[in-house]
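Below you'll find the structure, written out as structure tokens, and then a few comments.
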Amino acid sequence: MKKLYSNKGHILLFLIPAIILFCGILIAPIVMSGYYSFFDWDGLGEKTFIGFSNYIDLFTSNRIGFMKALGNSLVLALLSVGLQLPLALGLALVLGKGIKGERIFLSIFFMPVLISTVVIGQLWLKIYNPDYGILNVLLRSLGLESWTRMWLGLRETALGAVFIPTLWQYVGYHMLLLYAGVKSVPKELREAAMLDGAKDSQINRYIVLPYIKPIIRISVIFAVTGSLKSFDLIYVLTNGGPFHSTEVPSTLMIDMLFLRNRYGMGSAIAVLLIILCFAFALIINRVFKEEE
Amino acid sequence: MKKILAMVIAALMVTSIIAVPVHADDPVTLTMWCIATESDANRPAYEQAIAAFEEAHPDIKIEWEAFENQSYKTKIKAAMSDPETLPDIFFTWAGAFLGDFVAAGNVYCLDDTYANFQEQLPEVMLQNASYDGGHYGVPLTMNIVTLFANMDLLAEAGWDHVPETYEDLTACCDALVEKGIIPFGCAGKETWCVTEYLEPIIEKTIGYEALNEVFAGRATWNNPGIAESVSTFQDMINKGYFDPSGMALGNDEVKANFIAGKYAFYQNGSWNCGEVNDAEGNFQVALFPVMNAENATYGQVIGGPSDTLAVAASSKNPEIAANAAFELGRDICHYGYLAGSGLPAWTPDYDTSEVKALVADVAEIVAAADGMTLFGDTAMSADPANTYLDYVSLVYGTEIDGQGFIEGLAEELQ
């Protein structure tokens, strides 16, 4: 066996299937996207090499609306980190204390993650329906008729209306990650702090939070990159409308690739999404490392 | 010696694989993609047509798959970039949609096979699927934009007929609004539904020939008549003729509302005839009235044969597939017409006495049509079509006016 491990040829031989899969499924499509992004191509006919024009257009053309879409994604990322994660952390801390019905609450909060996004989209479409949707019905029943809106049909309200279910759906996901972290805090640490007279809030602040920092970092990375990649729920609820006000890079990419047949531009958006996700993951890692 | 023997056997095996002769009588399996999903109005027509075809040709089997409309557009375009993944026969929309595939050399020319079906299928019906003189698509049904009217609601507002002039239409809408009835329902969430309102208004203002020229890119969008049409449409919106919730609704919701009696009118494709005909209530079909009699007539319609079957150039059996496409197209048209899911692109040679009343009415309208303009988003290729739809959406949301519409499109598309 030792002889086998010392032979680099053997190691390479056994790694080949995994390398082929990794390159074929992950690396090759990225490289191909990068290649196509330098062309003006409708996906069918001749490709015309145009250098970085697609990238320049993405950042300079108002008509394409990439900056607006990217802005929407960044707002979603900000809300994810500013609202979704604190809520998930709060729930994880409460449940992690071992309250009565802990398992039931855990299942309930995690349920939206398990439900298909299309189903969630349909549910929220019904909630927002301007005529019979529960939101407007509730407002009307409270005498707040003037507050009723065509939530998904107005430029002013559509973005917020789309973000609420997007954030809501994954609170349970982050809660579960953080809950696992909270549960991994050694009992002895908690007990020692309690013996020293620390309150719950102090235990959370000085013991639990520093202990689960690596998990918080993972959650932040997932929240930010997830926001940049967000697609499915927005596609179901508004498909980027009205008037592109809820467009995010992924919906714009689909629009370019499959509705407008602009494969070069769509590929450029795909490449930028990959770069942005990596960049944000690295920045977040760096920020957490500096804090440590 | 052993080596030589092994090589000879291997060579024989390879040759036997490559050189198997294909006999005409050998069973053939043709693959087909379409959009006749379980919920599609055309599904029964496809099932009947395929069953009839397989019965008539026991040596040919059709393996078919149906996909949801929007995802199908993605799938077929993706498959076009690798033609080997295409099925033998595929559903497509005529006009620029199919034109892009033809230009890429991915579609089999049907001219030779068409000669066998010429008597049943008038050449004019192949017009939207013909490029550089060649025919590349078999039309299934044809459809036009139709004004559906709920006569019970019109009666409540004191109208016993569908208004035929614009003045009458506005008077009727005013009366409906006064009675608390919403005149029109339009799904703003699906912009093609908005074009079903806007395009007939433009056509009835500038005429079908002028609109065809604009859609084909031969005339400028910067046409005052188009700006005037947009203003007319927005006047109707501002007067409260349209459901104010429309911007947030999809077509299925709007159609359901119309059938349930929420709106007096619903303007959409004639493929809805069967469903509306079977719904409870008293419905009639008509066309949008003339806006400018100098340019347009009542009989000018938006639509034409668009739903099409085409054959992949990469098919292993292109001639068999081409013949199958024609036979299937003919029978889908036949059964679809009887079921009310479209008008016949093929000349009916069967008993049509049981055709649904609304379908028969639309067929009469088409028979008397003075001119046709293909749906704008079908007539234009993908990128300009979507820019056009963006502007139409802005018009429905009254984000831009007529001048902004024509100037914007003229700048971006020409």
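Letters A, B, ... mark the chains of the structure tokens in the order given; residue numbers begin at 1 per chain; ligand numbers begin at 1, in order shown.
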Check range 189-225 of chain A with DSSP on the backbone and list each residue it calls alpha helix (DSSP H), as a PDB file with N, CA and C atoms, in the first residue's frame.
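And here's result-v7.pdb as it stands now:
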```
ATOM      1  N   LEU A 189     -18.658  25.528  29.043  1.00  0.00           N
ATOM      2  CA  LEU A 189     -18.442  26.981  28.893  1.00  0.00           C
ATOM      3  C   LEU A 189     -19.656  27.754  29.389  1.00  0.00           C
ATOM      4  N   ARG A 190     -20.823  27.298  28.960  1.00  0.00           N
ATOM      5  CA  ARG A 190     -22.074  27.948  29.392  1.00  0.00           C
ATOM      6  C   ARG A 190     -22.208  27.890  30.922  1.00  0.00           C
ATOM      7  N   GLU A 191     -21.959  26.670  31.451  1.00  0.00           N
ATOM      8  CA  GLU A 191     -22.139  26.490  32.892  1.00  0.00           C
ATOM      9  C   GLU A 191     -21.159  27.353  33.688  1.00  0.00           C
ATOM     10  N   ALA A 192     -19.936  27.420  33.195  1.00  0.00           N
ATOM     11  CA  ALA A 192     -18.937  28.236  33.882  1.00  0.00           C
ATOM     12  C   ALA A 192     -19.367  29.704  33.908  1.00  0.00           C
ATOM     13  N   ALA A 193     -19.887  30.150  32.767  1.00  0.00           N
ATOM     14  CA  ALA A 193     -20.330  31.546  32.690  1.00  0.00           C
ATOM     15  C   ALA A 193     -21.508  31.786  33.625  1.00  0.00           C
ATOM     16  N   MET A 194     -22.415  30.814  33.652  1.00  0.00           N
ATOM     17  CA  MET A 194     -23.575  30.966  34.530  1.00  0.00           C
ATOM     18  C   MET A 194     -23.166  31.014  35.998  1.00  0.00           C
ATOM     19  N   LEU A 195     -22.164  30.169  36.326  1.00  0.00           N
ATOM     20  CA  LEU A 195     -21.674  30.183  37.714  1.00  0.00           C
ATOM     21  C   LEU A 195     -21.049  31.530  38.071  1.00  0.00           C
ATOM     22  N   ASP A 200     -28.195  35.483  30.194  1.00  0.00           N
ATOM     23  CA  ASP A 200     -28.322  34.845  28.876  1.00  0.00           C
ATOM     24  C   ASP A 200     -27.694  35.697  27.774  1.00  0.00           C
ATOM     25  N   SER A 201     -28.038  37.011  27.823  1.00  0.00           N
ATOM     26  CA  SER A 201     -27.539  37.901  26.764  1.00  0.00           C
ATOM     27  C   SER A 201     -26.019  37.974  26.789  1.00  0.00           C
ATOM     28  N   GLN A 202     -25.464  37.932  27.989  1.00  0.00           N
ATOM     29  CA  GLN A 202     -23.985  37.999  28.116  1.00  0.00           C
ATOM     30  C   GLN A 202     -23.341  36.700  27.624  1.00  0.00           C
ATOM     31  N   ILE A 203     -24.009  35.586  27.952  1.00  0.00           N
ATOM     32  CA  ILE A 203     -23.476  34.291  27.479  1.00  0.00           C
ATOM     33  C   ILE A 203     -23.466  34.278  25.951  1.00  0.00           C
ATOM     34  N   LEU A 209     -21.559  33.689  20.434  1.00  0.00           N
ATOM     35  CA  LEU A 209     -21.258  34.354  19.151  1.00  0.00           C
ATOM     36  C   LEU A 209     -19.802  34.199  18.723  1.00  0.00           C
ATOM     37  N   PRO A 210     -18.826  34.433  19.627  1.00  0.00           N
ATOM     38  CA  PRO A 210     -17.432  34.211  19.176  1.00  0.00           C
ATOM     39  C   PRO A 210     -17.190  32.760  18.778  1.00  0.00           C
ATOM     40  N   TYR A 211     -17.867  31.833  19.486  1.00  0.00           N
ATOM     41  CA  TYR A 211     -17.662  30.412  19.203  1.00  0.00           C
ATOM     42  C   TYR A 211     -18.181  30.031  17.809  1.00  0.00           C
ATOM     43  N   LYS A 213     -18.535  32.013  15.228  1.00  0.00           N
ATOM     44  CA  LYS A 213     -18.118  32.975  14.192  1.00  0.00           C
ATOM     45  C   LYS A 213     -17.840  32.304  12.826  1.00  0.00           C
ATOM     46  N   PRO A 214     -17.152  31.157  12.812  1.00  0.00           N
ATOM     47  CA  PRO A 214     -16.913  30.520  11.495  1.00  0.00           C
ATOM     48  C   PRO A 214     -18.219  30.178  10.778  1.00  0.00           C
ATOM     49  N   ILE A 215     -19.236  29.804  11.563  1.00  0.00           N
ATOM     50  CA  ILE A 215     -20.520  29.464  10.925  1.00  0.00           C
ATOM     51  C   ILE A 215     -21.231  30.744  10.465  1.00  0.00           C
ATOM     52  N   ILE A 216     -21.102  31.791  11.258  1.00  0.00           N
ATOM     53  CA  ILE A 216     -21.688  33.073  10.836  1.00  0.00           C
ATOM     54  C   ILE A 216     -21.043  33.507   9.520  1.00  0.00           C
ATOM     55  N   ARG A 217     -19.731  33.317   9.443  1.00  0.00           N
ATOM     56  CA  ARG A 217     -19.024  33.685   8.200  1.00  0.00           C
ATOM     57  C   ARG A 217     -19.574  32.884   7.008  1.00  0.00           C
ATOM     58  N   ILE A 218     -19.770  31.614   7.206  1.00  0.00           N
ATOM     59  CA  ILE A 218     -20.323  30.774   6.125  1.00  0.00           C
ATOM     60  C   ILE A 218     -21.724  31.264   5.747  1.00  0.00           C
ATOM     61  N   SER A 219     -22.511  31.585   6.779  1.00  0.00           N
ATOM     62  CA  SER A 219     -23.875  32.060   6.520  1.00  0.00           C
ATOM     63  C   SER A 219     -23.857  33.363   5.722  1.00  0.00           C
ATOM     64  N   VAL A 220     -22.949  34.260   6.101  1.00  0.00           N
ATOM     65  CA  VAL A 220     -22.860  35.541   5.381  1.00  0.00           C
ATOM     66  C   VAL A 220     -22.462  35.289   3.925  1.00  0.00           C
ATOM     67  N   ILE A 221     -21.507  34.396   3.727  1.00  0.00           N
ATOM     68  CA  ILE A 221     -21.086  34.090   2.342  1.00  0.00           C
ATOM     69  C   ILE A 221     -22.262  33.510   1.550  1.00  0.00           C
ATOM     70  N   PHE A 222     -22.969  32.570   2.156  1.00  0.00           N
ATOM     71  CA  PHE A 222     -24.115  31.969   1.466  1.00  0.00           C
ATOM     72  C   PHE A 222     -25.197  33.016   1.177  1.00  0.00           C
ATOM     73  N   ALA A 223     -25.417  33.902   2.159  1.00  0.00           N
ATOM     74  CA  ALA A 223     -26.476  34.911   1.992  1.00  0.00           C
ATOM     75  C   ALA A 223     -26.130  35.870   0.856  1.00  0.00           C
ATOM     76  N   VAL A 224     -24.870  36.310   0.830  1.00  0.00           N
ATOM     77  CA  VAL A 224     -24.469  37.290  -0.184  1.00  0.00           C
ATOM     78  C   VAL A 224     -24.406  36.653  -1.576  1.00  0.00           C
ATOM     79  N   THR A 225     -23.732  35.510  -1.668  1.00  0.00           N
ATOM     80  CA  THR A 225     -23.623  34.878  -2.994  1.00  0.00           C
ATOM     81  C   THR A 225     -25.002  34.378  -3.455  1.00  0.00           C
TER      82      THR A 225
END
```
Original post:
Given a cut-off of 8 Å, which residues of chain B touch chain A, counting only C-alpha atoms, written out as number ranges by chain?
Top reply: B: 73-74, 77-78, 80-81, 100-101, 103-104, 189, 245, 247-249, 382-386, 390, 393-394
Original post:
If you count only C-alpha atoms, which residues fall within 8 Å of Phe91 in chain B, apart from same-chain ones fewer than 4 positions away, as a PyMOL selection string?
Top reply: chain B and resi 32-35+307-310
Writing out the chosen residues with N, CA and C atoms as a PDB file, in the first residue's frame:
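To be explicit, this is the file written out as selection-v3.pdb:
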```pdb
ATOM      1  N   MET B  32     -40.412  13.710 -31.952  1.00  0.00           N
ATOM      2  CA  MET B  32     -41.085  15.001 -32.178  1.00  0.00           C
ATOM      3  C   MET B  32     -41.185  15.772 -30.857  1.00  0.00           C
ATOM      4  N   TRP B  33     -40.952  17.082 -30.915  1.00  0.00           N
ATOM      5  CA  TRP B  33     -41.143  17.970 -29.762  1.00  0.00           C
ATOM      6  C   TRP B  33     -42.268  18.939 -30.095  1.00  0.00           C
ATOM      7  N   CYS B  34     -43.080  19.217 -29.097  1.00  0.00           N
ATOM      8  CA  CYS B  34     -44.155  20.202 -29.315  1.00  0.00           C
ATOM      9  C   CYS B  34     -44.513  20.863 -27.990  1.00  0.00           C
ATOM     10  N   ILE B  35     -45.510  21.723 -28.018  1.00  0.00           N
ATOM     11  CA  ILE B  35     -45.924  22.408 -26.778  1.00  0.00           C
ATOM     12  C   ILE B  35     -47.315  21.975 -26.332  1.00  0.00           C
ATOM     13  N   ASP B 307     -48.436  28.727 -35.810  1.00  0.00           N
ATOM     14  CA  ASP B 307     -48.063  27.435 -35.220  1.00  0.00           C
ATOM     15  C   ASP B 307     -47.669  26.475 -36.343  1.00  0.00           C
ATOM     16  N   THR B 308     -46.480  25.946 -36.251  1.00  0.00           N
ATOM     17  CA  THR B 308     -45.904  25.246 -37.398  1.00  0.00           C
ATOM     18  C   THR B 308     -45.119  24.006 -36.955  1.00  0.00           C
ATOM     19  N   LEU B 309     -45.086  22.999 -37.801  1.00  0.00           N
ATOM     20  CA  LEU B 309     -44.175  21.868 -37.591  1.00  0.00           C
ATOM     21  C   LEU B 309     -43.048  21.983 -38.622  1.00  0.00           C
ATOM     22  N   ALA B 310     -41.841  21.737 -38.169  1.00  0.00           N
ATOM     23  CA  ALA B 310     -40.701  21.784 -39.095  1.00  0.00           C
ATOM     24  C   ALA B 310     -39.880  20.510 -38.919  1.00  0.00           C
TER      25      ALA B 310
END
```
Subject >> Selection near range 376-381 of chain B, 10 Å with only C-alpha atoms, sequence-local residues under 4 positions removed, as an NGL selection string >> reply: (:A and (259-261)) or (:B and (93-100 or 128 or 192 or 195-196 or 199 or 211-212 or 214-217 or 302-303 or 306 or 385-389))
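Coordinates place CA of Ile283 in chain A at a distance of 29.2 Å from CA of Ala18 in chain A.
Those residues that approach Gly133 in chain B to within 12 Å, counting only C-alpha atoms, are Cys109, Leu110, Asp111, Glu123, Leu126, Gln127 and Asn128 of chain B; same-chain residues fewer than 5 positions away are not listed.
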